[in-house]
Every structure is written in C-alpha cells, then in structure tokens.
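Novice: Just one file: entry-v9.csv, with CSV, C-alpha atoms.
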```csv
chain,number,residue,atom,x,y,z
A,1,MET,CA,-10.4,1.5,-20.4
A,2,LYS,CA,-7.9,1.6,-23.2
A,3,VAL,CA,-4.3,0.7,-22.4
A,4,GLU,CA,-3.0,4.1,-23.6
A,5,MET,CA,-5.5,5.9,-21.2
A,6,ARG,CA,-4.4,3.8,-18.3
A,7,GLN,CA,-0.7,4.4,-19.1
A,8,LYS,CA,-1.4,8.1,-19.3
A,9,LEU,CA,-3.1,8.0,-15.8
A,10,ALA,CA,0.0,6.0,-14.5
A,11,ARG,CA,2.3,8.8,-15.6
A,12,GLU,CA,0.4,11.5,-13.6
A,13,PRO,CA,2.2,13.1,-10.6
A,14,PHE,CA,1.9,11.0,-7.4
A,15,ALA,CA,0.1,13.8,-5.6
A,16,GLU,CA,-2.5,13.9,-8.3
A,17,LYS,CA,-2.9,10.1,-8.2
A,18,ILE,CA,-3.3,10.2,-4.4
A,19,ARG,CA,-6.1,12.9,-4.8
A,20,LYS,CA,-7.8,10.5,-7.2
A,21,VAL,CA,-7.5,7.6,-4.8
A,22,ALA,CA,-9.2,9.7,-2.1
A,23,GLN,CA,-12.0,10.4,-4.7
A,24,LEU,CA,-12.4,6.7,-5.4
A,25,ILE,CA,-12.6,5.9,-1.7
A,26,ARG,CA,-15.3,8.6,-1.2
A,27,LEU,CA,-17.2,7.1,-4.2
A,28,ALA,CA,-16.9,3.6,-2.9
A,29,LYS,CA,-18.3,4.8,0.5
A,30,THR,CA,-21.2,6.7,-1.2
A,31,PHE,CA,-22.1,3.8,-3.5
A,32,PRO,CA,-21.1,0.6,-1.7
A,33,ARG,CA,-21.3,-2.5,-3.7
A,34,ARG,CA,-24.4,-4.5,-2.7
A,35,ALA,CA,-23.9,-8.2,-2.1
A,36,ALA,CA,-25.9,-10.2,-4.7
A,37,ARG,CA,-29.2,-11.2,-3.3
A,38,PRO,CA,-29.8,-14.9,-3.3
A,39,ARG,CA,-32.4,-15.8,-5.9
A,40,PRO,CA,-35.5,-17.4,-4.6
A,41,ALA,CA,-35.8,-21.0,-5.6
A,42,ALA,CA,-37.9,-21.5,-8.7
A,43,LYS,CA,-41.4,-22.7,-7.8
A,44,PRO,CA,-42.3,-26.0,-9.3
A,45,ASP,CA,-44.8,-25.6,-12.1
A,46,PHE,CA,-47.6,-28.1,-11.5
A,47,THR,CA,-49.7,-26.9,-14.3
A,48,ARG,CA,-47.7,-28.7,-16.9
B,1,MET,CA,-5.7,20.3,12.3
B,2,ALA,CA,-5.7,17.7,15.1
B,3,ILE,CA,-4.2,14.4,14.0
B,4,ASN,CA,-7.5,12.5,14.2
B,5,GLN,CA,-9.8,15.0,12.7
B,6,PRO,CA,-11.3,13.2,9.7
B,7,SER,CA,-10.2,14.5,6.3
B,8,ASP,CA,-11.6,14.3,2.8
B,9,ASN,CA,-8.2,13.9,1.5
B,10,LEU,CA,-5.9,10.9,2.0
B,11,PRO,CA,-3.6,11.9,4.9
B,12,LEU,CA,-0.5,10.5,3.3
B,13,ALA,CA,1.7,13.4,4.3
B,14,ASP,CA,0.7,12.8,8.0
B,15,VAL,CA,1.7,9.1,7.6
B,16,LEU,CA,5.1,9.9,6.1
B,17,ARG,CA,5.8,12.6,8.7
B,18,ALA,CA,5.0,10.0,11.5
B,19,ALA,CA,7.3,7.5,9.9
B,20,ASN,CA,10.1,10.1,9.7
B,21,ASP,CA,9.4,11.0,13.4
B,22,LEU,CA,9.9,7.3,14.3
B,23,VAL,CA,13.4,7.4,12.8
B,24,THR,CA,14.2,10.6,14.7
B,25,ALA,CA,13.0,9.0,17.9
B,26,LYS,CA,15.3,6.0,17.1
B,27,LEU,CA,12.3,3.6,17.3
B,28,ILE,CA,13.0,2.4,13.7
B,29,GLU,CA,16.1,2.4,11.6
B,30,ASP,CA,14.6,3.0,8.2
B,31,TRP,CA,11.2,2.7,6.4
B,32,ALA,CA,9.5,2.8,3.0
B,33,LEU,CA,6.0,2.9,1.7
B,34,GLY,CA,4.9,-0.5,0.3
B,35,GLY,CA,1.7,-2.2,-0.6
B,36,ALA,CA,-1.0,-0.6,-2.8
B,37,LEU,CA,0.1,3.0,-2.3
B,38,ALA,CA,3.6,2.1,-3.5
B,39,ALA,CA,2.1,0.4,-6.6
B,40,ILE,CA,0.0,3.6,-7.2
B,41,TYR,CA,3.3,5.5,-7.4
B,42,TYR,CA,4.0,3.6,-10.7
B,43,VAL,CA,0.5,2.7,-12.0
B,44,GLU,CA,-3.0,4.2,-12.5
B,45,PRO,CA,-4.8,5.1,-9.3
B,46,PHE,CA,-7.1,2.5,-7.8
B,47,THR,CA,-9.1,2.1,-4.6
B,48,THR,CA,-7.2,1.1,-1.5
B,49,TYR,CA,-8.2,1.2,2.1
B,50,ASP,CA,-4.9,1.4,4.0
B,51,ALA,CA,-1.3,2.4,3.9
B,52,ASP,CA,1.5,-0.1,4.5
B,53,ILE,CA,4.7,1.2,6.0
B,54,PHE,CA,7.5,-1.4,6.1
B,55,PHE,CA,10.2,-0.6,8.6
B,56,ILE,CA,13.6,-1.9,9.7
B,57,PRO,CA,13.3,-2.2,13.4
B,58,THR,CA,15.9,-0.8,15.8
B,59,ASP,CA,14.7,-3.4,18.3
B,60,LYS,CA,15.8,-6.7,16.9
B,61,GLY,CA,13.7,-8.7,19.4
B,62,LEU,CA,10.7,-10.8,18.7
B,63,THR,CA,8.2,-8.0,18.7
B,64,ALA,CA,10.4,-5.7,16.5
B,65,GLY,CA,9.5,-2.9,18.8
B,66,ILE,CA,5.9,-2.7,17.5
B,67,PRO,CA,4.3,-2.2,20.9
B,68,THR,CA,6.6,0.8,21.5
B,69,ILE,CA,5.9,2.2,18.0
B,70,TYR,CA,2.1,1.9,18.5
B,71,ALA,CA,2.4,3.4,22.0
B,72,HIS,CA,4.5,6.3,20.6
B,73,LEU,CA,1.9,7.1,17.9
B,74,HIS,CA,-1.0,6.5,20.2
B,75,ALA,CA,0.5,9.2,22.6
B,76,GLN,CA,0.4,11.6,19.6
B,77,GLY,CA,-3.3,11.1,19.1
B,78,TRP,CA,-3.4,8.2,16.6
B,79,ARG,CA,-6.2,5.7,17.4
B,80,VAL,CA,-5.4,2.0,17.4
B,81,GLU,CA,-8.0,-0.3,15.8
B,82,ARG,CA,-7.0,-3.9,15.7
B,83,GLU,CA,-3.8,-4.2,13.7
B,84,HIS,CA,-4.2,-0.7,12.3
B,85,LEU,CA,-3.3,2.8,13.5
B,86,MET,CA,-5.9,5.3,12.4
B,87,VAL,CA,-4.9,8.7,11.1
B,88,ARG,CA,-7.9,11.0,10.2
B,89,GLY,CA,-10.0,7.9,9.7
B,90,PHE,CA,-7.4,6.2,7.4
B,91,PRO,CA,-5.9,2.9,8.5
B,92,VAL,CA,-2.1,2.5,8.5
B,93,GLN,CA,-0.2,-0.6,9.2
B,94,PHE,CA,3.4,-0.7,10.3
B,95,LEU,CA,5.1,-3.9,9.3
B,96,ALA,CA,8.5,-5.1,10.3
B,97,ALA,CA,10.6,-5.8,7.2
B,98,HIS,CA,12.8,-8.8,6.8
B,99,GLY,CA,14.3,-10.7,3.9
B,100,LEU,CA,12.8,-9.5,0.6
B,101,THR,CA,10.9,-6.6,2.3
B,102,GLU,CA,14.0,-5.5,4.2
B,103,GLU,CA,15.9,-5.4,0.9
B,104,ALA,CA,13.0,-3.4,-0.6
B,105,VAL,CA,13.2,-0.8,2.2
B,106,ARG,CA,17.0,-0.5,1.8
B,107,GLU,CA,16.8,0.0,-2.0
B,108,ALA,CA,13.6,2.0,-2.1
B,109,GLU,CA,13.3,5.2,-4.2
B,110,ARG,CA,13.6,8.5,-2.4
B,111,ILE,CA,10.7,10.9,-3.1
B,112,GLU,CA,9.3,14.2,-1.8
B,113,TYR,CA,5.6,14.3,-1.1
B,114,ASP,CA,3.8,17.4,0.1
B,115,GLY,CA,7.1,18.7,1.7
B,116,GLU,CA,7.9,15.3,3.4
B,117,SER,CA,10.8,13.2,2.3
B,118,ALA,CA,9.9,9.6,1.9
B,119,LYS,CA,10.9,6.3,0.3
B,120,VAL,CA,8.8,4.1,-1.9
B,121,PHE,CA,9.4,0.5,-2.9
B,122,GLN,CA,10.8,0.2,-6.4
B,123,ALA,CA,8.5,-1.4,-9.0
B,124,GLU,CA,10.7,-4.5,-9.3
B,125,HIS,CA,10.5,-5.2,-5.5
B,126,ILE,CA,6.7,-4.6,-5.5
B,127,ILE,CA,6.4,-7.2,-8.3
B,128,ALA,CA,8.7,-9.7,-6.4
B,129,ILE,CA,6.7,-9.2,-3.1
B,130,ALA,CA,3.4,-9.7,-5.0
B,131,ALA,CA,4.8,-12.9,-6.5
B,132,SER,CA,5.8,-14.1,-3.1
B,133,VAL,CA,2.3,-13.5,-1.7
B,134,GLY,CA,0.4,-14.7,-4.7
B,135,ARG,CA,-3.2,-13.7,-4.0
B,136,ALA,CA,-5.5,-12.8,-6.9
B,137,LYS,CA,-5.0,-9.1,-6.3
B,138,ASP,CA,-1.2,-9.6,-6.3
B,139,LYS,CA,-1.5,-11.1,-9.8
B,140,VAL,CA,-3.5,-8.1,-10.9
B,141,ARG,CA,-0.8,-5.8,-9.4
B,142,ILE,CA,2.0,-7.6,-11.2
B,143,GLU,CA,0.1,-7.3,-14.5
B,144,GLN,CA,-0.6,-3.6,-13.9
B,145,LEU,CA,3.1,-2.9,-13.1
B,146,LEU,CA,4.4,-4.8,-16.1
B,147,GLN,CA,2.0,-3.0,-18.4
B,148,GLN,CA,2.3,0.6,-17.0
B,149,ALA,CA,5.5,1.0,-15.1
B,150,ASP,CA,9.0,1.3,-16.5
B,151,VAL,CA,10.2,-2.0,-15.1
B,152,ASP,CA,13.9,-3.0,-15.3
B,153,LYS,CA,13.4,-6.6,-16.4
B,154,SER,CA,16.9,-7.8,-15.7
B,155,ARG,CA,16.8,-6.3,-12.2
B,156,LEU,CA,13.5,-8.0,-11.6
B,157,GLU,CA,15.0,-11.3,-12.8
B,158,THR,CA,17.9,-10.9,-10.4
B,159,ILE,CA,15.6,-10.1,-7.5
B,160,LEU,CA,13.3,-13.1,-8.3
B,161,LYS,CA,16.3,-15.4,-8.6
B,162,ARG,CA,17.9,-14.2,-5.4
B,163,HIS,CA,14.7,-14.9,-3.5
B,164,LYS,CA,13.8,-18.1,-5.4
B,165,LEU,CA,10.6,-16.7,-6.8
B,166,LYS,CA,8.7,-17.0,-10.0
B,167,LEU,CA,6.2,-14.8,-11.6
B,168,PRO,CA,2.7,-16.4,-11.5
B,169,THR,CA,1.2,-17.6,-14.8
B,170,VAL,CA,-2.0,-15.6,-15.5
```
Using structure tokens, write down the structure that the file contains.
Specialist:
Amino acid sequence: MKVEMRQKLAREPFAEKIRKVAQLIRLAKTFPRRAARPRPAAKPDFTR
Amino acid sequence: MAINQPSDNLPLADVLRAANDLVTAKLIEDWALGGALAAIYYVEPFTTYDADIFFIPTDKGLTAGIPTIYAHLHAQGWRVEREHLMVRGFPVQFLAAHGLTEEAVREAERIEYDGESAKVFQAEHIIAIAASVGRAKDKVRIEQLLQQADVDKSRLETILKRHKLKLPTV
C-alpha cells in the first residue's frame, strides 16, 4: 500500500479505525493463516 | 447487553468504562490505554488480539492490587482466562505501570470514545516503550509511528535520554 494511503488511514477518526480493527479480526478468524506444510523429502532418482 | 455476550464489534467502550469504574472504586489511581490499540490511535488500523490497560496501582504492594482488580471485574461478569480478562470474547490485560510506563500513564492524552472519557499513551511514549521492549513487532510499530504519526522528535529524544534508551536500527 502506498505511503499516502496509509497516512490517510492513520488520520481517520479513532472510532472508525477501531471498527476496521474489528473487521480485520473477523477476517483473520474466517481465513486463518495456514502453517506451511513441510515439503516431502525429494525421492532419489535412481534412473540416472 | 450482558457483559460477556459476544459482540461483532470491538468492545473498547466496555473496557474503558471498566477502567474508569476501577478508579471510582479506588482500586487504581489512574490508567491509560497502551499497546497496539494506543498505537492505532495514531497509525493505520491493524489486527490486534487484545487490549492493554496500564494502571497506576493504589495498592503499592508486590501484587499491585491485581488480584483485587481481577476479582472486582470477575464479580461484574468478566471471565478470567490465564493472564487475560475477557469482555465479549475480547481479551484485556491490566498491567501495573512503573518507570517509563507510569510516566506514559501520567502524561497520556485525554480522549473521548463512545461517550467514555479515556487516556491514550502519547506517540512518543509508545515509541520509547517499543524501543525498550525491542521485539520485531515493536520495530515495525516504531517505523509506523515515525512515518504516520505527528511525532514530536525533541520530546521523543528527551524521553529516550531520560530512560537511557535508543531507537533500534532497522
């Protein structure tokens, strides 16, 4: 996000920002970050 | 609405009201909002999962009156979960202020939020506290505040010098 956009958000009234924090919390609960799955170890290629 | 009925909104007004009630009940001397929610007063909104209320205790003993405060709020319907008090599913931590945080409470900015009078740490104190803690998220907070808030640089320097702190190098 551009610096000017972030500064504009920073200047919003506190009550409006708190409403946005609540939205962010709801979003984070709806779409939780999944932990990265460990990749399976590469199988050795015996055909070479 | 009952105090522990879950809410879609962040129950900040309930938190501030409870802190004001603690002053009326003479369980604390003074208080201010600190932590992430105080930072959000000055910068763009971001996700946070709790509210930090820093208070100056009336009880100057070792426990700073925390058991009495928790018992008082528990009696009013707040649930206790580990170190947090839960209001409408939102965790709140009451932290006894001392040194830098006590200064931050005493010099905090007075605000009105949803009909409740409150105090919020000033941006310069949030930066100094973040510098004293020094986690990765504190460095991000310092950067955000320096970019987005109207920080009084000379006041910040004075606070940092008084508490023998330095801003982290990013």
Novice: Please check the contacts: residues of chain B at most 8 Å away from chain A, using all atoms listed in the file, listed as a VMD selection string.
Specialist: chain B and resid 8 to 10 40 to 49 113 to 114 147 to 149
Novice: Pick out the closest residue to Arg79 (chain B) from this set: B:Gly134, B:Gly65, B:Pro168, B:Pro6. Count only C-alpha atoms.
Specialist: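 Ranked by minimum distance to Arg79 (chain B), first place goes to B:Pro6.
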Novice: Could you give me, as a ChimeraX atom specification, the residues within 9 Å of Asp50 (chain B), counting all atoms listed in the file and dropping anything in the same chain fewer than 6 positions from it?
Specialist: /B:35-37,84,90-93
Novice: How many Å lie between CA of Ala130 (chain B) and CA of Leu167 (chain B), rounded to one decimal?
Specialist: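 Between CA of Ala130 (chain B) and CA of Leu167 (chain B) the gap is 8.8 Å.
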Novice: Work out how far CA of Glu81 (chain B) is from CA of Val105 (chain B), in Å to one decimal.
Specialist: 25.2 Å
Novice: Kindly extract all protein, DNA and RNA residues lying within 9 Å of the coordinates (1.9, 7.4, 7.0) given in the file, considering all atoms listed in the file, and supply them as a list of chain:residue names.
Specialist: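 Residues lying no farther than 9 Å from the given point: B:Pro11, B:Leu12, B:Ala13, B:Asp14, B:Val15, B:Leu16, B:Arg17, B:Ala18, B:Ala19, B:Leu33, B:Ala51, B:Asp52, B:Ile53, B:Val87, B:Val92, B:Gln93, B:Phe94.
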Novice: For CA of Thr158 (chain B) and CA of His125 (chain B), determine how far apart the two atoms are, in Å to one decimal place.
Specialist: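 Between CA of Thr158 (chain B) and CA of His125 (chain B) the gap works out to 10.5 Å.
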Novice: Closest to Glu103 (chain B) among B:His74, B:His163, B:Arg88, B:Arg135, using all atoms listed in the file?
Specialist: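 Looking only at the distances to Glu103 (chain B), the closest residue turns out to be B:His163.
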